[in-house]
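Working notes for the structure below.
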Amino acid sequence: MQSFTESSIGLNLGPSGRAIAQPMDVDILEALYQHTSLERVSSAQYLAMSLWLLERELRGFSAFFKKESLAELEHGFNFAKYLIARGQSVVLEEVTKPIQDWKTVDELVALSFQMEADVTTSVQQLYSMAERANDTRTTVFLDPVIDEQIKSEDEMAYLLGKVRFANNDPSALFIIDNELNNI
Ligand SMILES: [Fe+2]
C-alpha cells in the first residue's frame with residue numbers, strides 16, 4: 001500500500017505555514033484584504049454615529065448603531081478568520097478616520113444606507129471574481145455573507161424611510177428612538 005508523506009504528496013503550504021488545499025488567486029486575496037478593511041472602516045463609522053446620536057439624547061438610535069458597529073467588527077473578523085483558514089497571514093491596514101459631523105439624523109441614516117450598499121457591491125465583486133477563478137471555497141464562504149448583507153440593506157432602507165417620514169420633527173424622531181430602544 002502506498003504511504004502518503006508530506007514530500008510524496010507535495011503538500012501546499014500558505015504564507016502562514018499552514019497546509020492549504022488550494023492556493024489562492026492573488027487578485028481574490030487582495031480583494032478579500034480590501035473587504036476586511038471595508039468592514040473595519042464601517043465598524044468605526046457606525047461607532048462614530050452611535051456617539052453622535054448619544055450626544056443628542058437619541059439613546060435608541062445610538063444603541064442601534066452601536067450594535068451595527070459590533071456587527072461590522074464581527075464581519076471583519078469573519079473575513080480574517082477565513083483568510084487564516086486558507087493559510088494566509090492577515091495584515092491589518094489603517095482604519096480611516098470616521099465622519100463625525102451631520103446636520104440631521106436623516107443625513108446620518110442616508111450615509112449608513114450608502115455604506116451598506118457599498119459593502120454589498122464589494123461582496124458581489126468578490127463573488128464574481130471567485131466564480132471566474134473556480135474558487136468554490138470562497139463562493140460558499142460568501143453565500144451567507146450576501147444573504148446577511150441583503151437583510152442589512154433592507155433594515156437600513158426601512159429606518160431611512162421612517163426617518164424621512166419624520167421629516168426632522170423631534171417628536172416623531174423620539175417615537176422612532178423609543179422603538180429602536182426596544183429591539
Ligand atoms: Fe458588514
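Letters for chains follow the order of the C-alpha cells (A, B, ...), residue numbers begin at 1 for each chain, and ligand numbers begin at 1 in the order shown.
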
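Pocket residues of ligand 1, taken as those with any atom at most 7 Å away using only C-alpha atoms and all ligand atoms, are Glu39, Ala71, Glu72, His75, Val119 and Gln149 of chain A.
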
Export, as a PDB file, in the first residue's frame, the selected residues with all heavy atoms.
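Writing the result to selection-v5.pdb gives the following:
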```
ATOM      1  N   GLU A  39     -14.987  46.426   6.129  1.00  0.00           N
ATOM      2  CA  GLU A  39     -15.820  46.068   7.294  1.00  0.00           C
ATOM      3  C   GLU A  39     -15.326  46.806   8.540  1.00  0.00           C
ATOM      4  O   GLU A  39     -16.117  47.294   9.344  1.00  0.00           O
ATOM      5  CB  GLU A  39     -15.764  44.547   7.548  1.00  0.00           C
ATOM      6  CG  GLU A  39     -16.310  43.687   6.419  1.00  0.00           C
ATOM      7  CD  GLU A  39     -17.827  43.614   6.363  1.00  0.00           C
ATOM      8  OE1 GLU A  39     -18.503  44.298   7.154  1.00  0.00           O
ATOM      9  OE2 GLU A  39     -18.328  42.877   5.494  1.00  0.00           O
ATOM     10  N   ALA A  71     -21.427  44.489  14.889  1.00  0.00           N
ATOM     11  CA  ALA A  71     -21.684  43.500  13.825  1.00  0.00           C
ATOM     12  C   ALA A  71     -20.622  43.612  12.729  1.00  0.00           C
ATOM     13  O   ALA A  71     -20.110  42.603  12.234  1.00  0.00           O
ATOM     14  CB  ALA A  71     -23.088  43.696  13.244  1.00  0.00           C
ATOM     15  N   GLU A  72     -20.250  44.841  12.375  1.00  0.00           N
ATOM     16  CA  GLU A  72     -19.232  45.036  11.320  1.00  0.00           C
ATOM     17  C   GLU A  72     -17.865  44.537  11.789  1.00  0.00           C
ATOM     18  O   GLU A  72     -17.099  43.978  11.008  1.00  0.00           O
ATOM     19  CB  GLU A  72     -19.129  46.503  10.899  1.00  0.00           C
ATOM     20  CG  GLU A  72     -20.402  47.122  10.355  1.00  0.00           C
ATOM     21  CD  GLU A  72     -21.032  46.353   9.213  1.00  0.00           C
ATOM     22  OE1 GLU A  72     -20.379  45.502   8.601  1.00  0.00           O
ATOM     23  OE2 GLU A  72     -22.213  46.596   8.952  1.00  0.00           O
ATOM     24  N   HIS A  75     -17.940  40.974  11.309  1.00  0.00           N
ATOM     25  CA  HIS A  75     -17.792  40.632   9.882  1.00  0.00           C
ATOM     26  C   HIS A  75     -16.324  40.687   9.463  1.00  0.00           C
ATOM     27  O   HIS A  75     -15.846  39.809   8.759  1.00  0.00           O
ATOM     28  CB  HIS A  75     -18.592  41.600   8.990  1.00  0.00           C
ATOM     29  CG  HIS A  75     -20.062  41.541   9.219  1.00  0.00           C
ATOM     30  ND1 HIS A  75     -20.927  42.515   8.779  1.00  0.00           N
ATOM     31  CD2 HIS A  75     -20.825  40.619   9.847  1.00  0.00           C
ATOM     32  CE1 HIS A  75     -22.156  42.193   9.139  1.00  0.00           C
ATOM     33  NE2 HIS A  75     -22.119  41.057   9.785  1.00  0.00           N
ATOM     34  N   VAL A 119     -20.866  48.049   0.714  1.00  0.00           N
ATOM     35  CA  VAL A 119     -20.371  46.747   1.204  1.00  0.00           C
ATOM     36  C   VAL A 119     -20.947  45.624   0.331  1.00  0.00           C
ATOM     37  O   VAL A 119     -20.236  44.700  -0.060  1.00  0.00           O
ATOM     38  CB  VAL A 119     -20.713  46.547   2.708  1.00  0.00           C
ATOM     39  CG1 VAL A 119     -20.411  45.129   3.154  1.00  0.00           C
ATOM     40  CG2 VAL A 119     -19.939  47.527   3.571  1.00  0.00           C
ATOM     41  N   GLN A 149     -26.113  40.580   4.096  1.00  0.00           N
ATOM     42  CA  GLN A 149     -25.934  41.918   3.555  1.00  0.00           C
ATOM     43  C   GLN A 149     -27.250  42.469   2.993  1.00  0.00           C
ATOM     44  O   GLN A 149     -27.597  43.621   3.190  1.00  0.00           O
ATOM     45  CB  GLN A 149     -24.842  41.849   2.482  1.00  0.00           C
ATOM     46  CG  GLN A 149     -23.993  43.062   2.286  1.00  0.00           C
ATOM     47  CD  GLN A 149     -23.743  43.911   3.486  1.00  0.00           C
ATOM     48  OE1 GLN A 149     -23.189  43.451   4.467  1.00  0.00           O
ATOM     49  NE2 GLN A 149     -24.168  45.164   3.427  1.00  0.00           N
TER      50      GLN A 149
END
```

Give one line per residue of segment 58-121 of chain A that approaches segment 138-144 of chain A to at most 12 Å, naming the two atoms of the closest pair and their distance in Å to one decimal, counting only C-alpha atoms; sort by chain then ascending residue number and deliver it as JSON lines.
```
{"residue": "A:His75", "atom": "CA", "partner": "A:Leu142", "partner_atom": "CA", "distance": 11.3}
{"residue": "A:Asn78", "atom": "CA", "partner": "A:Phe141", "partner_atom": "CA", "distance": 9.7}
{"residue": "A:Phe79", "atom": "CA", "partner": "A:Phe141", "partner_atom": "CA", "distance": 9.1}
{"residue": "A:Lys81", "atom": "CA", "partner": "A:Phe141", "partner_atom": "CA", "distance": 11.0}
{"residue": "A:Tyr82", "atom": "CA", "partner": "A:Phe141", "partner_atom": "CA", "distance": 7.9}
{"residue": "A:Leu83", "atom": "CA", "partner": "A:Thr138", "partner_atom": "CA", "distance": 9.8}
{"residue": "A:Ala85", "atom": "CA", "partner": "A:Thr138", "partner_atom": "CA", "distance": 11.0}
{"residue": "A:Arg86", "atom": "CA", "partner": "A:Thr138", "partner_atom": "CA", "distance": 9.6}
{"residue": "A:Thr120", "atom": "CA", "partner": "A:Leu142", "partner_atom": "CA", "distance": 10.9}
```

Min atom-atom distance to Ala157 of chain A from the set A:Ser171, A:Ser128, A:Ser89, A:Ser112, counting only C-alpha atoms, belongs to A:Ser112

One residue among A:Thr96, A:Asn178, A:Asn134, A:Thr104 is nearest to Ser42 of chain A when using only C-alpha atoms, and that residue is A:Thr96

Exercise for review: Based on DSSP run over this structure's backbone, return all residues of chain A in helix (DSSP H, G or I), as a ChimeraX atom specification.
Suggested key: /A:26-55,59-85,105-132,136-166,170-181

* Name all residues at most 10 Å from Gly17 of chain A (count only C-alpha atoms; drop same-chain ones fewer than 4 positions away) and give them as a PyMOL selection string. => chain A and resi 12-13+87-89

Store the residues picked out above, limited to C-alpha atoms, as a short mmCIF file (atom, residue, chain, number, x, y, z; two decimals), in the first residue's frame.
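The result, stored in selection-v9.cif:
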```cif
data_model
loop_
_atom_site.label_atom_id
_atom_site.label_comp_id
_atom_site.auth_asym_id
_atom_site.auth_seq_id
_atom_site.Cartn_x
_atom_site.Cartn_y
_atom_site.Cartn_z
CA ASN A 12 1.00 23.06 -0.31
CA LEU A 13 1.78 25.49 2.47
CA GLY A 87 -3.34 29.58 5.04
CA GLN A 88 -2.88 33.35 4.71
CA SER A 89 -1.34 35.81 7.14
#
```

Self-check item: Test item: residues at most 7 Å from segment 22-34 of chain A, only C-alpha atoms, excluding those fewer than 5 positions along its chain, as a ChimeraX atom specification
Solution: /A:126,129-130

Got time to write the residues from that selection, all heavy atoms, as a PDB file, in the first residue's frame?
```pdb
ATOM      1  N   LEU A 126     -16.429  40.410  -5.189  1.00  0.00           N
ATOM      2  CA  LEU A 126     -15.635  39.279  -4.701  1.00  0.00           C
ATOM      3  C   LEU A 126     -16.214  37.957  -5.209  1.00  0.00           C
ATOM      4  O   LEU A 126     -15.479  37.061  -5.625  1.00  0.00           O
ATOM      5  CB  LEU A 126     -15.700  39.261  -3.170  1.00  0.00           C
ATOM      6  CG  LEU A 126     -14.542  39.869  -2.409  1.00  0.00           C
ATOM      7  CD1 LEU A 126     -14.876  39.948  -0.930  1.00  0.00           C
ATOM      8  CD2 LEU A 126     -13.299  39.008  -2.594  1.00  0.00           C
ATOM      9  N   MET A 129     -15.418  37.395  -8.858  1.00  0.00           N
ATOM     10  CA  MET A 129     -14.005  37.029  -9.015  1.00  0.00           C
ATOM     11  C   MET A 129     -13.789  35.565  -8.635  1.00  0.00           C
ATOM     12  O   MET A 129     -13.082  34.830  -9.332  1.00  0.00           O
ATOM     13  CB  MET A 129     -13.117  37.897  -8.103  1.00  0.00           C
ATOM     14  CG  MET A 129     -12.964  39.316  -8.564  1.00  0.00           C
ATOM     15  SD  MET A 129     -12.085  40.275  -7.300  1.00  0.00           S
ATOM     16  CE  MET A 129     -10.415  39.811  -7.700  1.00  0.00           C
ATOM     17  N   ALA A 130     -14.395  35.163  -7.516  1.00  0.00           N
ATOM     18  CA  ALA A 130     -14.230  33.781  -7.043  1.00  0.00           C
ATOM     19  C   ALA A 130     -14.833  32.799  -8.043  1.00  0.00           C
ATOM     20  O   ALA A 130     -14.260  31.739  -8.311  1.00  0.00           O
ATOM     21  CB  ALA A 130     -14.876  33.624  -5.668  1.00  0.00           C
TER      22      ALA A 130
END
```

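Considering only C-alpha atoms, the residue among A:Ser16, A:Gln100, A:Val41, A:Glu107 positioned nearest to Asn167 of chain A is A:Glu107.
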
Would you kindly return, as a VMD selection string, each protein, DNA or RNA residue with an atom no farther than 9 Å from any atom of Leu160 of chain A, considering only C-alpha atoms and excluding same-chain residues fewer than 3 positions away? chain A and resid 106 109 to 110 112 to 113 155 to 157 163 to 165
